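**Q** Supplied structure: run.cif, mmCIF, C-alpha atoms.
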```cif
data_run
loop_
_atom_site.label_atom_id
_atom_site.label_comp_id
_atom_site.auth_asym_id
_atom_site.auth_seq_id
_atom_site.Cartn_x
_atom_site.Cartn_y
_atom_site.Cartn_z
CA MET A 1 -93.62 192.92 152.65
CA GLU A 2 -90.59 194.86 151.49
CA ASN A 3 -87.26 193.71 152.87
CA TYR A 4 -86.59 196.72 155.11
CA MET A 5 -90.07 196.24 156.58
CA LEU A 6 -89.40 192.53 156.96
CA ARG A 7 -86.07 193.24 158.67
CA ASN A 8 -87.73 195.66 161.11
CA HIS A 9 -90.53 193.18 161.75
CA PHE A 10 -88.04 190.39 162.50
CA VAL A 11 -86.02 192.65 164.82
CA HIS A 12 -89.24 193.54 166.63
CA LEU A 13 -90.16 189.85 166.95
CA PHE A 14 -86.77 189.03 168.47
CA LYS A 15 -87.24 191.81 171.02
CA TYR A 16 -90.68 190.43 171.83
CA ASN A 17 -89.19 186.93 172.03
CA ASP A 18 -86.59 188.12 174.55
CA TRP A 19 -89.27 189.84 176.65
CA ALA A 20 -91.44 186.72 176.62
CA THR A 21 -88.53 184.40 177.45
CA ARG A 22 -87.52 186.63 180.37
CA HIS A 23 -91.05 186.55 181.78
CA CYS A 24 -91.20 182.81 181.28
CA ALA A 25 -87.89 182.35 183.12
CA GLU A 26 -89.12 184.51 185.98
CA SER A 27 -92.24 182.34 186.32
CA ILE A 28 -90.02 179.26 186.72
CA ILE A 29 -87.73 181.00 189.21
CA LYS A 30 -90.74 181.98 191.37
CA LEU A 31 -91.88 178.37 191.79
CA LYS A 32 -91.63 177.11 195.35
CA LYS A 33 -90.24 173.79 194.14
CA ARG A 34 -87.90 173.26 191.18
CA ASN A 35 -89.50 171.96 188.02
CA ASP A 36 -86.89 170.04 186.04
CA LYS A 37 -89.03 169.73 182.90
CA ALA A 38 -89.76 173.48 182.77
CA GLU A 39 -86.07 174.22 183.28
CA GLU A 40 -85.17 171.72 180.56
CA LEU A 41 -87.58 173.37 178.10
CA LEU A 42 -86.27 176.87 178.83
CA SER A 43 -82.71 175.64 178.37
CA HIS A 44 -83.81 174.07 175.09
CA ILE A 45 -85.27 177.37 173.85
CA ILE A 46 -81.96 179.09 174.54
CA SER A 47 -79.79 176.31 173.11
CA ALA A 48 -81.90 176.03 169.95
CA GLN A 49 -81.61 179.78 169.33
CA GLN A 50 -77.82 179.44 169.61
CA ILE A 51 -77.75 176.50 167.20
CA TRP A 52 -79.83 178.33 164.57
CA LEU A 53 -77.71 181.47 164.93
CA ASN A 54 -74.55 179.39 164.49
CA ARG A 55 -76.04 177.86 161.34
CA VAL A 56 -76.91 181.24 159.81
CA LEU A 57 -73.47 182.63 160.68
CA GLU A 58 -71.86 179.42 159.39
CA ARG A 59 -70.11 178.84 162.71
CA ASP A 60 -69.15 175.44 163.97
CA ILE A 61 -72.02 174.03 165.95
CA ILE A 62 -70.87 172.68 169.26
CA ALA A 63 -74.24 172.74 170.97
CA ASP A 64 -76.63 170.10 172.16
CA PRO A 65 -80.21 171.35 171.73
CA TRP A 66 -81.07 169.84 175.11
CA LYS A 67 -77.99 171.12 176.95
CA LYS A 68 -78.96 172.36 180.41
CA VAL A 69 -78.35 176.06 180.87
CA ALA A 70 -77.78 177.07 184.50
CA GLU A 71 -80.55 179.20 186.01
CA GLU A 72 -78.20 182.13 186.58
CA GLU A 73 -77.36 182.06 182.85
CA TRP A 74 -80.92 182.01 181.49
CA LEU A 75 -81.47 185.76 181.30
CA PRO A 76 -77.94 186.86 180.32
CA LYS A 77 -77.70 184.15 177.64
CA ALA A 78 -81.15 184.90 176.22
CA THR A 79 -80.42 188.63 176.08
CA SER A 80 -77.01 188.06 174.52
CA LEU A 81 -78.52 185.83 171.84
CA THR A 82 -81.21 188.41 171.11
CA ALA A 83 -78.53 191.06 170.64
CA GLU A 84 -76.66 188.78 168.23
CA TRP A 85 -79.82 188.05 166.23
CA VAL A 86 -80.73 191.75 166.11
CA ASN A 87 -77.22 192.69 164.95
CA LEU A 88 -77.37 189.98 162.29
CA LEU A 89 -80.78 191.08 161.05
CA GLU A 90 -79.97 194.79 161.05
CA GLY A 91 -76.91 194.07 158.91
CA HIS A 92 -78.87 192.31 156.17
CA HIS A 93 -79.49 193.95 152.81
CA GLU A 94 -82.17 193.46 150.19
CA ASN A 95 -82.86 189.86 149.24
CA ASP A 96 -80.63 188.53 152.05
CA PHE A 97 -83.64 186.99 153.73
CA GLU A 98 -84.05 184.70 150.72
CA LYS A 99 -80.45 183.46 151.03
CA ARG A 100 -80.40 179.73 151.53
CA ILE A 101 -78.41 178.31 154.42
CA GLY A 102 -77.18 174.74 154.26
CA TYR A 103 -76.85 172.84 157.52
CA ILE A 104 -76.89 169.40 159.07
CA ASN A 105 -79.53 168.83 161.73
CA THR A 106 -78.95 167.03 165.01
CA LYS A 107 -79.83 163.71 163.35
CA GLY A 108 -77.10 164.18 160.73
CA GLU A 109 -79.51 165.03 157.89
CA ARG A 110 -78.69 167.80 155.39
CA PHE A 111 -81.17 170.60 154.72
CA THR A 112 -81.28 174.11 153.27
CA ASN A 113 -83.68 176.85 154.29
CA THR A 114 -83.88 180.58 153.74
CA ILE A 115 -82.86 182.97 156.49
CA LYS A 116 -86.49 184.12 156.54
CA ASP A 117 -87.65 180.55 157.23
CA ILE A 118 -85.05 180.11 159.96
CA VAL A 119 -86.06 183.35 161.71
CA ILE A 120 -89.70 182.29 161.70
CA GLN A 121 -88.70 178.83 163.00
CA VAL A 122 -86.73 180.32 165.91
CA ILE A 123 -89.59 182.58 167.00
CA ASN A 124 -92.32 179.93 166.63
CA HIS A 125 -90.20 177.27 168.31
CA SER A 126 -89.73 179.51 171.33
CA THR A 127 -93.44 180.30 171.52
CA TYR A 128 -94.34 176.61 171.37
CA HIS A 129 -92.07 175.68 174.26
CA ARG A 130 -93.05 178.72 176.36
CA ALA A 131 -96.64 177.45 176.16
CA GLN A 132 -95.48 174.08 177.47
CA ILE A 133 -93.63 175.84 180.29
CA ALA A 134 -96.73 177.86 181.18
CA SER A 135 -98.69 174.63 181.54
CA LEU A 136 -95.98 173.09 183.73
CA VAL A 137 -95.79 176.20 185.93
CA ARG A 138 -99.58 176.15 186.37
CA GLN A 139 -99.51 172.42 187.23
CA ALA A 140 -96.82 173.14 189.83
CA GLY A 141 -99.08 175.72 191.50
CA GLY A 142 -97.29 178.75 190.09
CA GLU A 143 -98.44 181.70 188.05
CA PRO A 144 -97.62 181.23 184.37
CA ALA A 145 -96.08 184.17 182.59
CA LYS A 146 -98.43 186.16 180.42
CA THR A 147 -96.42 186.22 177.22
CA ASP A 148 -99.05 187.04 174.60
CA TYR A 149 -97.70 189.28 171.88
CA ILE A 150 -100.51 191.80 172.40
CA ILE A 151 -99.52 192.23 176.06
CA TYR A 152 -95.97 193.00 174.94
CA GLN A 153 -97.30 195.51 172.40
CA ARG A 154 -99.36 197.28 175.06
CA GLN A 155 -96.26 197.65 177.23
CA VAL A 156 -94.10 198.88 174.34
CA GLN A 157 -96.72 201.48 173.39
CA LYS A 158 -96.91 203.00 176.91
#
```
Rewrite the coordinates I just gave you, this time as structure tokens.

**A**
Amino acid sequence: MENYMLRNHFVHLFKYNDWATRHCAESIIKLKKRNDKAEELLSHIISAQQIWLNRVLERDIIADPWKKVAEEEWLPKATSLTAEWVNLLEGHHENDFEKRIGYINTKGERFTNTIKDIVIQVINHSTYHRAQIASLVRQAGGEPAKTDYIIYQRQVQK
């Protein structure tokens, strides 16, 4: 896939990711009784996206991946992070996605990965935890968000 196509694909995936996270958050909010584990996982999705963005931008990381994000901050924070990721991706030139980013993980271990690998990690990580949230919402008697990519595509194409 050529880099401009890859960039557009990644931007599209972050927009899908924001849509899916919003729907997921709404499914938690609609529960009759609070579900701490679902809230913890949604906070983790948001915090992890911030951590990875900080790494790519070579910012100081002052984030705990399990930091609780207040319910009223879920949607604004998720949307703000999406905008930052989209701006970052749209500003990348040819071969930038192969640039290696060095970082220290939360266990203090050093790693390097390409920006392309990091973008894929962020999207897949969010999907994984949204599936866990859907299961928790269902177990709590709620209606899990329908966050399949194809559902998003159908809405975008309307």

**Q** Find the residues near A:Ile29: any atom within 10 Å, counting all atoms listed in the file, skip ones fewer than 4 places away on the same chain, and give them as JSON, numbers by chain.

**A** {"A": [23, 24, 25, 33, 34, 35, 39, 71, 72, 137, 142]}

**Q** Step by step, work through what the PyMOL selection byres ((chain A and resi 148) around 12) selects in the shown file, and finish by giving those residues as a list in words.

**A**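 Answer for the PyMOL selection byres ((chain A and resi 148) around 12): Tyr16, Asn17, Trp19, Ala20, Thr21, His23, Cys24, Thr127, Tyr128, Arg130, Ala131, Ala134, Pro144, Ala145, Lys146, Thr147, Tyr149, Ile150, Ile151, Tyr152, Gln153, Arg154 and Gln155 of chain A.
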
**Q** Generate a file of the selected residues that holds C-alpha atoms, formatted as a PDB file, keeping the file's coordinate frame.

**A**
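File again-v9.pdb, as written:
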```pdb
ATOM      1  CA  TYR A  16     -90.680 190.430 171.830  1.00  0.00           C
ATOM      2  CA  ASN A  17     -89.190 186.930 172.030  1.00  0.00           C
ATOM      3  CA  TRP A  19     -89.270 189.840 176.650  1.00  0.00           C
ATOM      4  CA  ALA A  20     -91.440 186.720 176.620  1.00  0.00           C
ATOM      5  CA  THR A  21     -88.530 184.400 177.450  1.00  0.00           C
ATOM      6  CA  HIS A  23     -91.050 186.550 181.780  1.00  0.00           C
ATOM      7  CA  CYS A  24     -91.200 182.810 181.280  1.00  0.00           C
ATOM      8  CA  THR A 127     -93.440 180.300 171.520  1.00  0.00           C
ATOM      9  CA  TYR A 128     -94.340 176.610 171.370  1.00  0.00           C
ATOM     10  CA  ARG A 130     -93.050 178.720 176.360  1.00  0.00           C
ATOM     11  CA  ALA A 131     -96.640 177.450 176.160  1.00  0.00           C
ATOM     12  CA  ALA A 134     -96.730 177.860 181.180  1.00  0.00           C
ATOM     13  CA  PRO A 144     -97.620 181.230 184.370  1.00  0.00           C
ATOM     14  CA  ALA A 145     -96.080 184.170 182.590  1.00  0.00           C
ATOM     15  CA  LYS A 146     -98.430 186.160 180.420  1.00  0.00           C
ATOM     16  CA  THR A 147     -96.420 186.220 177.220  1.00  0.00           C
ATOM     17  CA  TYR A 149     -97.700 189.280 171.880  1.00  0.00           C
ATOM     18  CA  ILE A 150    -100.510 191.800 172.400  1.00  0.00           C
ATOM     19  CA  ILE A 151     -99.520 192.230 176.060  1.00  0.00           C
ATOM     20  CA  TYR A 152     -95.970 193.000 174.940  1.00  0.00           C
ATOM     21  CA  GLN A 153     -97.300 195.510 172.400  1.00  0.00           C
ATOM     22  CA  ARG A 154     -99.360 197.280 175.060  1.00  0.00           C
ATOM     23  CA  GLN A 155     -96.260 197.650 177.230  1.00  0.00           C
TER      24      GLN A 155
END
```

**Q** Any chance you could work out the residue set of the PyMOL selection byres ((chain A and resi 47-61) around 9) here, as number ranges by chain?

**A** A: 42-46, 62-69, 78, 81-82, 84-85, 88, 101-104, 115, 118-119, 122-123, 125-126

**Q** Include C-alpha atoms and write out the residues we just selected as a PDB file, keeping the file's coordinate frame.

**A**
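Final output, part_33.pdb:
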```
ATOM      1  CA  LEU A  42     -86.270 176.870 178.830  1.00  0.00           C
ATOM      2  CA  SER A  43     -82.710 175.640 178.370  1.00  0.00           C
ATOM      3  CA  HIS A  44     -83.810 174.070 175.090  1.00  0.00           C
ATOM      4  CA  ILE A  45     -85.270 177.370 173.850  1.00  0.00           C
ATOM      5  CA  ILE A  46     -81.960 179.090 174.540  1.00  0.00           C
ATOM      6  CA  ILE A  62     -70.870 172.680 169.260  1.00  0.00           C
ATOM      7  CA  ALA A  63     -74.240 172.740 170.970  1.00  0.00           C
ATOM      8  CA  ASP A  64     -76.630 170.100 172.160  1.00  0.00           C
ATOM      9  CA  PRO A  65     -80.210 171.350 171.730  1.00  0.00           C
ATOM     10  CA  TRP A  66     -81.070 169.840 175.110  1.00  0.00           C
ATOM     11  CA  LYS A  67     -77.990 171.120 176.950  1.00  0.00           C
ATOM     12  CA  LYS A  68     -78.960 172.360 180.410  1.00  0.00           C
ATOM     13  CA  VAL A  69     -78.350 176.060 180.870  1.00  0.00           C
ATOM     14  CA  ALA A  78     -81.150 184.900 176.220  1.00  0.00           C
ATOM     15  CA  LEU A  81     -78.520 185.830 171.840  1.00  0.00           C
ATOM     16  CA  THR A  82     -81.210 188.410 171.110  1.00  0.00           C
ATOM     17  CA  GLU A  84     -76.660 188.780 168.230  1.00  0.00           C
ATOM     18  CA  TRP A  85     -79.820 188.050 166.230  1.00  0.00           C
ATOM     19  CA  LEU A  88     -77.370 189.980 162.290  1.00  0.00           C
ATOM     20  CA  ILE A 101     -78.410 178.310 154.420  1.00  0.00           C
ATOM     21  CA  GLY A 102     -77.180 174.740 154.260  1.00  0.00           C
ATOM     22  CA  TYR A 103     -76.850 172.840 157.520  1.00  0.00           C
ATOM     23  CA  ILE A 104     -76.890 169.400 159.070  1.00  0.00           C
ATOM     24  CA  ILE A 115     -82.860 182.970 156.490  1.00  0.00           C
ATOM     25  CA  ILE A 118     -85.050 180.110 159.960  1.00  0.00           C
ATOM     26  CA  VAL A 119     -86.060 183.350 161.710  1.00  0.00           C
ATOM     27  CA  VAL A 122     -86.730 180.320 165.910  1.00  0.00           C
ATOM     28  CA  ILE A 123     -89.590 182.580 167.000  1.00  0.00           C
ATOM     29  CA  HIS A 125     -90.200 177.270 168.310  1.00  0.00           C
ATOM     30  CA  SER A 126     -89.730 179.510 171.330  1.00  0.00           C
TER      31      SER A 126
END
```

**Q** Can you report as JSON the centre and edge lengths in Å, to one decimal, of an axis-aligned box around the listed atoms of stretch 103-116 of chain A padded with 3 Å on each side?

**A**
```
{"center_x": -81.7, "center_y": 173.9, "center_z": 159.1, "size_x": 15.6, "size_y": 26.4, "size_z": 17.7}
```

**Q** Show me as a list in words the residues that reach within 8 Å of (-91.6, 198.9, 170.7), counting all atoms listed in the file and using the file's own coordinates.

**A** His12, Gln153, Val156 and Gln157 of chain A

**Q** For A:Val86, list every protein, DNA or RNA residue within 9 Å, evaluated using only C-alpha atoms, and leave out those in the same chain fewer than 5 positions away; present the list as a ChimeraX atom specification.

**A** /A:10-12,14-15,81,91

**Q** How far is it from atom CA of A:Lys116 to atom CA of A:Leu89, in Å with one decimal?

**A**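 Atom CA of A:Lys116 sits 10.1 Å away from atom CA of A:Leu89.
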
**Q** Nearest to A:Thr112 among A:Pro76, A:Asn124, A:Lys99, A:Ala140, with distances taken over only C-alpha atoms: which residue is it?

**A**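 With only C-alpha atoms as the atom set, the closest residue is A:Lys99.
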
**Q** Could you check which of A:Arg7, A:Glu143, A:Lys107, A:Gln121 is closest to A:Glu26, using all atoms listed in the file?

**A**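 Using all atoms listed in the file, the shortest distance to A:Glu26 belongs to A:Glu143.
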
**Q** Between A:Ala83, A:Leu75, A:Ile120, A:Ile28, single out the one closest to A:Glu40, counting all atoms listed in the file.

**A**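 Selected residue with least distance to A:Glu40: A:Ile28.
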
**Q** Expressed in Å to a single decimal, how great is the separation between atom CA of A:Leu31 and atom CA of A:Ser80?

**A** 24.8 Å

**Q** Name the closest residue to A:Lys77 among the candidates A:Glu109, A:Asp96, A:Asp18, A:Ser27; distances are taken between atoms, counting only C-alpha atoms.

**A**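 Once distances to A:Lys77 are computed over only C-alpha atoms, the minimum belongs to A:Asp18.
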